[in-house]
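Shown next: work.txt, given as compact mmCIF, C-alpha atoms and all ligand atoms.
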```txt
# COMPACT_ATOMS: atom_id res chain seq x y z
CA MET S 1 -71.80 -166.94 -114.20
CA VAL S 2 -73.31 -170.31 -114.85
CA ARG S 3 -75.94 -170.48 -112.19
CA LEU S 4 -78.39 -173.36 -112.13
CA ILE S 5 -81.18 -171.02 -113.20
CA THR S 6 -79.29 -170.45 -116.45
CA HIS S 7 -78.18 -174.05 -116.81
CA ASN S 8 -81.86 -175.02 -116.64
CA LEU S 9 -82.47 -173.02 -119.82
CA LEU S 10 -79.54 -174.18 -121.94
CA ALA S 11 -79.76 -177.02 -124.45
CA CYS S 12 -77.31 -178.46 -126.95
CA HIS S 13 -77.84 -176.96 -130.39
CA ALA S 14 -75.26 -178.82 -132.44
CA LYS S 15 -76.27 -179.87 -135.94
CA GLY S 16 -78.80 -182.70 -135.88
CA CYS S 17 -78.93 -182.80 -132.07
CA THR S 18 -82.62 -182.26 -131.41
CA SER S 19 -83.66 -184.86 -128.84
CA ASN S 20 -82.24 -185.78 -125.43
CA ASN S 21 -80.13 -182.59 -125.80
CA PHE S 22 -81.18 -181.28 -122.37
CA PRO S 23 -80.08 -180.95 -119.60
CA LEU S 24 -76.35 -180.63 -120.18
CA GLN S 25 -74.22 -182.63 -117.75
CA PHE S 26 -71.58 -180.88 -115.65
CA LYS S 27 -68.00 -182.10 -115.86
CA ASP S 28 -64.84 -181.24 -113.86
CA ILE S 29 -66.44 -178.20 -112.31
CA GLN S 30 -65.27 -175.65 -109.77
CA ILE S 31 -67.98 -173.77 -107.93
CA GLU S 32 -68.19 -170.59 -105.89
CA LEU S 33 -70.98 -169.55 -103.58
CA ARG S 34 -72.11 -165.93 -103.70
CA GLU S 35 -74.98 -164.43 -101.80
CA ALA S 36 -77.85 -163.02 -103.85
CA GLU S 37 -80.85 -160.90 -102.89
CA PHE S 38 -83.80 -163.09 -101.87
CA ASN S 39 -86.92 -162.31 -103.89
CA PRO S 40 -89.78 -164.74 -103.10
CA ASP S 41 -92.12 -163.26 -105.74
CA PHE S 42 -89.55 -163.85 -108.45
CA LEU S 43 -89.06 -167.46 -107.33
CA ARG S 44 -92.81 -168.17 -107.24
CA GLY S 45 -93.14 -166.70 -110.73
CA PHE S 46 -90.18 -168.62 -112.05
CA ILE S 47 -91.14 -172.10 -110.80
CA PRO S 48 -93.41 -172.84 -113.81
CA ARG S 49 -90.41 -172.14 -116.10
CA ILE S 50 -88.20 -174.72 -114.37
CA GLU S 51 -87.68 -178.28 -115.58
CA TRP S 52 -87.70 -179.64 -112.07
CA GLY S 53 -86.01 -182.97 -112.68
CA ALA S 54 -83.17 -181.27 -114.56
CA LEU S 55 -82.70 -178.83 -111.68
CA THR S 56 -82.56 -181.40 -108.89
CA ASP S 57 -80.27 -183.55 -110.99
CA ALA S 58 -77.90 -180.65 -111.68
CA ALA S 59 -77.97 -179.61 -108.01
CA ARG S 60 -76.98 -183.15 -107.03
CA GLN S 61 -74.05 -182.98 -109.48
CA LEU S 62 -72.93 -179.86 -107.61
CA GLY S 63 -73.31 -181.59 -104.26
CA ASP S 64 -76.59 -180.00 -103.16
CA THR S 65 -79.43 -182.35 -102.24
CA SER S 66 -81.67 -179.90 -100.40
CA LEU S 67 -84.51 -179.82 -102.97
CA PRO S 68 -87.44 -182.27 -102.95
CA SER S 69 -87.99 -184.45 -106.03
CA GLU S 70 -91.18 -182.54 -106.82
CA PRO S 71 -91.93 -178.88 -106.09
CA PRO S 72 -94.21 -178.81 -103.02
CA ASP S 73 -97.77 -177.49 -103.16
CA MET S 74 -97.05 -175.12 -100.30
CA LEU S 75 -94.33 -172.67 -101.34
CA ASP S 76 -93.27 -171.67 -97.83
CA ASP S 77 -90.25 -169.52 -97.02
CA ASP S 78 -88.15 -172.49 -95.94
CA PHE S 79 -88.56 -174.12 -99.36
CA LEU S 80 -88.14 -170.84 -101.26
CA GLN S 81 -84.87 -170.13 -99.40
CA LYS S 82 -83.51 -173.50 -100.50
CA LEU S 83 -84.65 -172.92 -104.06
CA HIS S 84 -83.11 -169.44 -103.99
CA HIS S 85 -79.76 -170.85 -102.92
CA VAL S 86 -79.74 -173.61 -105.54
CA LEU S 87 -80.90 -171.44 -108.44
CA LEU S 88 -79.06 -168.20 -107.78
CA GLU S 89 -76.17 -168.57 -105.34
CA ILE S 90 -74.13 -171.48 -106.70
CA HIS S 91 -71.83 -170.28 -109.48
CA VAL S 92 -69.99 -172.69 -111.72
CA GLU S 93 -66.76 -170.88 -112.51
CA GLU S 94 -64.74 -173.49 -114.39
CA GLY S 95 -65.39 -176.82 -116.07
CA ALA S 96 -67.69 -177.87 -118.85
CA MET S 97 -71.20 -178.89 -119.79
CA VAL S 98 -71.58 -181.99 -121.92
CA CYS S 99 -74.53 -182.88 -124.15
CA PRO S 100 -76.12 -186.18 -123.04
CA ASN S 101 -77.03 -186.97 -126.66
CA CYS S 102 -74.12 -186.06 -128.94
CA GLY S 103 -71.37 -185.57 -126.35
CA HIS S 104 -70.56 -182.03 -127.45
CA VAL S 105 -68.49 -180.27 -124.77
CA TYR S 106 -69.32 -176.66 -123.91
CA PRO S 107 -66.46 -175.28 -121.80
CA ILE S 108 -66.95 -172.85 -118.92
CA SER S 109 -64.12 -170.43 -118.24
CA ASN S 110 -64.09 -167.59 -115.70
CA GLY S 111 -67.80 -168.16 -115.19
CA ILE S 112 -68.69 -167.70 -118.86
CA PRO S 113 -69.96 -170.70 -120.83
CA ASN S 114 -68.85 -171.00 -124.43
CA MET S 115 -71.94 -172.10 -126.36
CA LEU S 116 -70.49 -171.22 -129.76
CA LEU S 117 -70.24 -173.95 -132.36
CA ALA S 118 -67.75 -174.31 -135.17
CA GLU S 119 -69.05 -173.66 -138.68
CA HIS S 120 -69.55 -177.38 -139.50
CA GLU S 121 -71.44 -178.01 -136.24
CA ILE S 122 -74.13 -175.39 -136.81
CA GLY S 123 -77.54 -176.85 -137.64
CA MET O 1 -85.90 -144.99 -113.70
CA ILE O 2 -83.52 -147.39 -115.32
CA PRO O 3 -80.09 -145.95 -114.60
CA THR O 4 -77.55 -145.65 -117.35
CA PRO O 5 -74.97 -148.24 -116.36
CA ASP O 6 -71.69 -147.23 -114.82
CA LEU O 7 -69.10 -148.15 -117.44
CA THR O 8 -66.13 -146.44 -115.83
CA HIS O 9 -64.48 -149.83 -115.23
CA LEU O 10 -64.02 -150.23 -118.99
CA ASN O 11 -60.99 -148.59 -120.49
CA ARG O 12 -59.37 -147.92 -123.85
CA GLY O 13 -57.86 -151.41 -123.87
CA ASP O 14 -61.31 -152.95 -123.63
CA TYR O 15 -62.60 -150.87 -126.52
CA LEU O 16 -59.96 -152.35 -128.79
CA HIS O 17 -61.93 -155.60 -128.48
CA VAL O 18 -65.52 -154.54 -127.96
CA TYR O 19 -67.64 -151.99 -129.66
CA GLU O 20 -67.44 -148.85 -127.55
CA PRO O 21 -70.95 -147.85 -126.43
CA ALA O 22 -71.95 -145.47 -129.18
CA GLU O 23 -75.11 -143.90 -130.50
CA ASP O 24 -76.76 -147.25 -131.26
CA THR O 25 -76.22 -148.39 -127.68
CA PHE O 26 -77.45 -145.14 -126.22
CA ILE O 27 -80.59 -144.96 -128.37
CA LEU O 28 -81.49 -148.45 -127.11
CA LEU O 29 -80.88 -147.43 -123.51
CA ASP O 30 -82.96 -144.29 -124.06
CA ALA O 31 -85.82 -146.29 -125.58
CA LEU O 32 -85.82 -148.65 -122.59
CA GLU O 33 -85.74 -145.74 -120.20
CA GLN O 34 -88.64 -144.12 -122.02
CA ASP O 35 -90.65 -147.32 -121.53
CA ALA O 36 -89.34 -147.93 -118.01
CA GLU O 37 -92.69 -147.62 -116.28
CA GLU O 38 -94.43 -150.00 -118.70
CA LEU O 39 -91.55 -152.44 -118.44
CA ARG O 40 -91.75 -152.43 -114.66
CA ALA O 41 -95.52 -152.96 -114.82
CA LEU O 42 -94.86 -155.97 -117.04
CA ALA O 43 -92.95 -157.56 -114.12
CA PRO O 44 -90.56 -159.29 -116.53
CA LEU O 45 -89.26 -162.66 -115.35
CA ILE O 46 -86.76 -163.16 -118.15
CA SER O 47 -84.88 -160.67 -120.27
CA LEU O 48 -82.58 -161.73 -123.08
CA GLU O 49 -80.19 -159.16 -124.47
CA ILE O 50 -78.31 -159.94 -127.61
CA GLY O 51 -75.20 -157.94 -128.34
CA PHE O 52 -73.24 -155.73 -126.01
CA ILE O 53 -75.36 -152.91 -124.62
CA GLY O 54 -73.73 -152.47 -121.25
CA GLN O 55 -76.57 -154.12 -119.48
CA ILE O 56 -79.24 -152.50 -117.39
CA LEU O 57 -82.31 -154.65 -116.96
CA GLY O 58 -81.16 -156.99 -114.21
CA SER O 59 -82.65 -157.01 -110.74
CA SER O 60 -83.62 -159.63 -108.21
CA GLY O 61 -86.99 -159.76 -109.98
CA THR O 62 -85.72 -160.44 -113.48
CA LEU O 63 -83.34 -163.07 -114.79
CA CYS O 64 -81.09 -161.20 -117.13
CA ILE O 65 -79.27 -163.19 -119.78
CA THR O 66 -76.99 -161.68 -122.38
CA THR O 67 -75.43 -163.35 -125.37
CA ASP O 68 -72.59 -162.14 -127.53
CA ILE O 69 -70.27 -163.87 -129.98
CA ASN O 70 -67.38 -161.79 -128.70
CA PRO O 71 -65.69 -163.19 -125.55
CA HIS O 72 -64.31 -159.76 -124.66
CA ALA O 73 -67.83 -158.33 -124.75
CA CYS O 74 -69.04 -161.14 -122.45
CA ARG O 75 -66.28 -160.32 -119.97
CA CYS O 76 -67.10 -156.60 -120.12
CA THR O 77 -70.77 -157.41 -119.47
CA GLN O 78 -69.74 -159.59 -116.52
CA ARG O 79 -67.65 -156.75 -115.08
CA THR O 80 -70.45 -154.25 -115.71
CA GLY O 81 -72.74 -156.49 -113.68
CA ILE O 82 -70.29 -156.69 -110.81
CA LYS O 83 -69.57 -152.94 -110.90
CA ASN O 84 -73.28 -152.04 -110.94
CA LYS O 85 -74.20 -154.85 -108.51
CA ILE O 86 -76.64 -156.32 -111.02
CA PRO O 87 -76.82 -160.09 -111.45
CA ILE O 88 -76.17 -160.79 -115.13
CA ASP O 89 -75.51 -164.06 -116.89
CA PRO O 90 -73.35 -163.41 -119.96
CA ILE O 91 -73.23 -166.34 -122.37
CA LEU O 92 -70.84 -166.69 -125.27
CA ALA O 93 -73.31 -167.63 -127.99
CA SER O 94 -74.75 -166.67 -131.32
CA LEU O 95 -78.14 -164.95 -130.95
CA SER O 96 -80.59 -166.99 -128.83
CA THR O 97 -79.50 -170.38 -130.16
CA PRO O 98 -78.69 -172.35 -126.95
CA PHE O 99 -81.87 -170.99 -125.31
CA TYR O 100 -84.13 -171.60 -128.28
CA ARG O 101 -85.54 -174.90 -127.03
CA ARG O 102 -86.18 -173.85 -123.42
CA LEU O 103 -87.29 -170.25 -123.86
CA GLN O 104 -90.26 -170.89 -126.10
CA HIS O 105 -92.76 -168.08 -125.47
CA ALA O 106 -90.87 -167.22 -122.29
CA VAL O 107 -88.88 -164.04 -122.94
CA ASP O 108 -90.53 -160.91 -121.56
CA ILE O 109 -87.96 -158.41 -122.76
CA LEU O 110 -85.81 -159.13 -125.79
CA THR O 111 -83.29 -156.60 -127.04
CA PHE O 112 -81.18 -156.82 -130.14
CA ASN O 113 -78.49 -154.38 -131.10
CA PRO O 114 -77.40 -156.02 -134.32
CA PRO O 115 -74.43 -155.63 -136.56
CA TYR O 116 -76.17 -153.42 -139.11
CA VAL O 117 -73.52 -151.51 -141.01
CA PRO O 118 -73.68 -152.68 -144.63
CA THR O 119 -70.52 -154.53 -145.58
CA VAL O 120 -69.36 -157.20 -147.98
CA PHE O 121 -70.49 -160.75 -147.23
CA ASP O 122 -67.00 -162.23 -146.91
CA GLU O 123 -66.10 -159.73 -144.27
CA MET O 124 -69.26 -160.60 -142.33
CA GLU O 125 -68.58 -164.31 -142.47
CA ALA O 126 -65.01 -163.75 -141.40
CA ALA O 127 -66.20 -161.52 -138.58
CA GLN O 128 -68.69 -164.09 -137.31
CA VAL O 129 -65.98 -166.73 -137.34
CA THR O 130 -63.28 -164.69 -135.63
CA ALA O 131 -65.97 -163.15 -133.41
CA GLY O 132 -63.88 -160.16 -132.51
CA ILE O 133 -64.83 -156.53 -132.75
CA THR O 134 -65.62 -156.75 -136.46
CA GLY O 135 -68.55 -159.02 -135.58
CA SER O 136 -70.37 -156.24 -133.79
CA TRP O 137 -70.66 -154.00 -136.82
CA ALA O 138 -70.32 -156.07 -139.98
CA GLY O 139 -73.90 -156.76 -141.04
CA GLY O 140 -73.78 -158.26 -144.52
CA THR O 141 -74.77 -156.85 -147.90
CA ASP O 142 -77.68 -154.67 -146.75
CA GLY O 143 -76.71 -154.83 -143.09
CA MET O 144 -79.47 -157.38 -142.48
CA ASP O 145 -77.95 -160.87 -142.73
CA ILE O 146 -77.64 -161.49 -138.99
CA THR O 147 -80.80 -159.53 -138.20
CA ASN O 148 -82.75 -161.73 -140.63
CA VAL O 149 -81.61 -164.88 -138.84
CA PHE O 150 -82.59 -163.30 -135.54
CA LEU O 151 -86.01 -162.07 -136.71
CA LYS O 152 -87.00 -165.66 -137.48
CA GLN O 153 -86.44 -166.54 -133.77
CA VAL O 154 -88.45 -163.67 -132.29
CA GLU O 155 -92.01 -164.99 -132.33
CA HIS O 156 -90.85 -168.31 -130.85
CA LEU O 157 -89.11 -166.51 -127.97
CA LEU O 158 -91.57 -163.78 -126.95
CA SER O 159 -93.88 -164.48 -124.01
CA PRO O 160 -97.58 -163.55 -124.40
CA THR O 161 -96.82 -160.04 -123.11
CA GLY O 162 -93.18 -160.03 -124.28
CA ARG O 163 -91.62 -157.32 -126.37
CA LEU O 164 -88.63 -156.92 -128.60
CA TYR O 165 -86.59 -153.74 -128.87
CA LEU O 166 -84.68 -153.77 -132.13
CA VAL O 167 -82.03 -151.26 -133.21
CA ALA O 168 -81.97 -150.57 -136.95
CA VAL O 169 -80.68 -148.04 -139.42
CA LYS O 170 -82.65 -146.48 -142.27
CA GLU O 171 -80.85 -148.64 -144.86
CA ASN O 172 -82.34 -151.76 -143.21
CA ASP O 173 -85.79 -150.70 -144.50
CA VAL O 174 -87.61 -150.35 -141.19
CA PRO O 175 -91.14 -150.26 -142.73
CA GLY O 176 -90.25 -153.44 -144.65
CA ILE O 177 -89.12 -155.21 -141.46
CA CYS O 178 -92.31 -154.15 -139.67
CA GLU O 179 -94.54 -155.34 -142.51
CA ARG O 180 -92.76 -158.70 -142.70
CA MET O 181 -93.02 -159.28 -138.96
CA ARG O 182 -96.74 -158.48 -139.10
CA GLN O 183 -97.48 -160.69 -142.10
CA GLU O 184 -95.33 -163.67 -141.15
CA TYR O 185 -95.68 -163.65 -137.36
CA GLY O 186 -98.60 -161.35 -136.52
CA LEU O 187 -96.35 -159.07 -134.47
CA GLN O 188 -97.27 -155.40 -134.07
CA SER O 189 -94.56 -152.76 -134.26
CA THR O 190 -94.00 -149.18 -133.17
CA VAL O 191 -91.01 -146.94 -133.81
CA VAL O 192 -90.31 -145.75 -130.27
CA LEU O 193 -87.29 -143.57 -131.04
CA HIS O 194 -85.41 -142.34 -134.04
CA ARG O 195 -82.56 -139.91 -134.35
CA ARG O 196 -79.74 -138.88 -136.60
CA ALA O 197 -76.21 -139.59 -135.46
CA GLY O 198 -73.70 -138.29 -137.94
CA ARG O 199 -74.32 -140.11 -141.20
CA GLU O 200 -76.58 -142.70 -139.56
CA HIS O 201 -80.31 -142.51 -139.10
CA LEU O 202 -81.01 -144.79 -136.15
CA PHE O 203 -84.30 -146.37 -135.10
CA VAL O 204 -85.50 -148.39 -132.15
CA VAL O 205 -88.53 -150.46 -133.07
CA ARG O 206 -90.66 -152.21 -130.47
CA PHE O 207 -92.47 -155.41 -131.44
CA CYS O 208 -95.19 -157.16 -129.47
CA ARG O 209 -98.11 -159.52 -130.05
ZN ZN F 301 -75.89 -182.43 -128.57
```
I'd like the structure from this file rewritten - as structure tokens, please.
Amino acid sequence: MVRLITHNLLACHAKGCTSNNFPLQFKDIQIELREAEFNPDFLRGFIPRIEWGALTDAARQLGDTSLPSEPPDMLDDDFLQKLHHVLLEIHVEEGAMVCPNCGHVYPISNGIPNMLLAEHEIG
Amino acid sequence: MIPTPDLTHLNRGDYLHVYEPAEDTFILLDALEQDAEELRALAPLISLEIGFIGQILGSSGTLCITTDINPHACRCTQRTGIKNKIPIDPILASLSTPFYRRLQHAVDILTFNPPYVPTVFDEMEAAQVTAGITGSWAGGTDGMDITNVFLKQVEHLLSPTGRLYLVAVKENDVPGICERMRQEYGLQSTVVLHRRAGREHLFVVRFCR
């Protein structure tokens, strides 16, 4: 499952690719929506770990524009529900993630991203 | 308690491609269960599990990521998650590499069940390249080649209260690993479990700041 919470933590790690290697850009994706258990404490705790711009950008690529451009000061339930949906309920099943710097393509198949590199691409 | 995962969905055909949960998997699960109360008190946000252990730490309160270089193992982990109704994100990757940049000092629970059986180097390289079942047990000349790469990533990954659970065998020189991690990274270690399983003497070592 490539959920946006995971996507927000993945960077390109090809040889020599050390800047502008995050966030990976989605390409030719198929998504599925699956309900997940809502846990407001987890979301509040996780917000400091999120690169917010990368998240809203990725959500837009998946057709979701419900999040504000900055996390609000007041983390009310309405906002947390939206964040919950974007982070945890949208699953990218097929497609690819492409490095914005070196163009390396990381394919996603059956919900599992292939982040392995060939021998000569390992830094 | 942390329940032992239901693995009844995996069959003989799967175990041709992944390492059947064996003593090294169970000793890791037992060590985690032994520490279950402490781990819950830690309220872990992120757990990163490297290598196929059948997956148990996920809940709505913890993001549970697993990596494995074996695609079959990733698929088994995915199915284990579905079967046990635990959200898991299996990633086909070598160690923590794609997360290294973003998970700096962010991992609360790190587990590593390495390929530790001593083998010849060529076989290990071949196994890492083909990434099939051989990759889960071929560990290099003293069984430590992959573990050594991983140990260099640990301090960078662990959160201030994070901990690593490492599976090792006696031949890996557990006291030597502990001393190195203390000297180079200031990490404290405790052997939380050890047992004999046939010819192997298995250890689970916990590291923290
Ligand atoms: Zn790149």
Problem - Contacts to ligand ZN 301 (chain F) at 6 Å cut-off (only C-alpha atoms and all ligand atoms) as a list in words - result: Cys12, Ala14, Cys17, Asn21, Cys99, Asn101, Cys102, Gly103 and His104 of chain S
Problem - From S:Asp77, S:Asp41, S:Glu35, S:Asp28, residue lying nearest chain O [all atoms listed in the file] - result: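 Smallest distance to chain O is found for S:Asp41.
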Problem - Selection: 8 Å around Val86 in chain S, all atoms listed in the file, excl. self and same-chain fewer than 2 positions, as a list of chain:residue names - result: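 Contacts, with the query itself left out: S:Leu4, S:Ala59, S:Asp64, S:Lys82, S:Leu83, S:His84, S:Leu88, S:Glu89, S:Ile90.
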Fill in the blank from the handout: In Å and to one decimal, CA of Asn172 in chain O is distant from CA of His194 in chain O by 13.5 Å
For the interface of chain S with chain O (cut-off 7 Å, counting only C-alpha atoms), please tabulate each contacting residue of chain S alongside its nearest pair of atoms and their separation in Å to one decimal, rows sorted by chain and increasing number, as CSV.
```
residue,atom,partner,partner_atom,distance
S:Met1,CA,O:Asp89,CA,5.4
S:Val2,CA,O:Asp89,CA,6.9
S:Leu9,CA,O:Arg102,CA,5.2
S:Leu10,CA,O:Phe99,CA,5.2
S:Ala11,CA,O:Pro98,CA,5.4
S:Cys12,CA,O:Pro98,CA,6.3
S:His13,CA,O:Pro98,CA,5.8
S:Glu37,CA,O:Ser60,CA,6.1
S:Asn39,CA,O:Ser60,CA,6.1
S:Phe42,CA,O:Gly61,CA,5.1
S:Phe46,CA,O:Leu45,CA,6.9
S:Ile112,CA,O:Ile91,CA,5.9
S:Pro113,CA,O:Ile91,CA,5.7
S:Asn114,CA,O:Leu92,CA,4.8
S:Met115,CA,O:Ala93,CA,5.0
S:Leu116,CA,O:Ala93,CA,4.9
```
Exercise for the section: Give the answer as one residue: which of S:Gly111, S:Pro48, S:Gly16, S:Pro23 has the shortest atom-to-atom distance to Gln61 in chain S, using all atoms listed in the file? Expected result: S:Pro23
Fill in the blank from the handout: CA of Ser109 in chain S to CA of Ile5 in chain S measures 17.8 Å
Exercise for the section: Quick one: pull the distance between CA of His201 in chain O and CA of Thr161 in chain O, Å, one decimal. Expected result: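 Atom-to-atom, CA of His201 in chain O and CA of Thr161 in chain O are spaced 28.9 Å apart.
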Exercise for the section: Take the point (-90.3, -166.7, -129.8) as written in the file and pick out every residue within 8 Å of it, counting all atoms listed in the file; give the list as a list in words. Expected result: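 Every residue inside that radius is included here: Leu103, Gln104, His105, Ala106, Val107, Gln153, Val154, Glu155, His156, Leu157, Leu158 and Ser159 of chain O.
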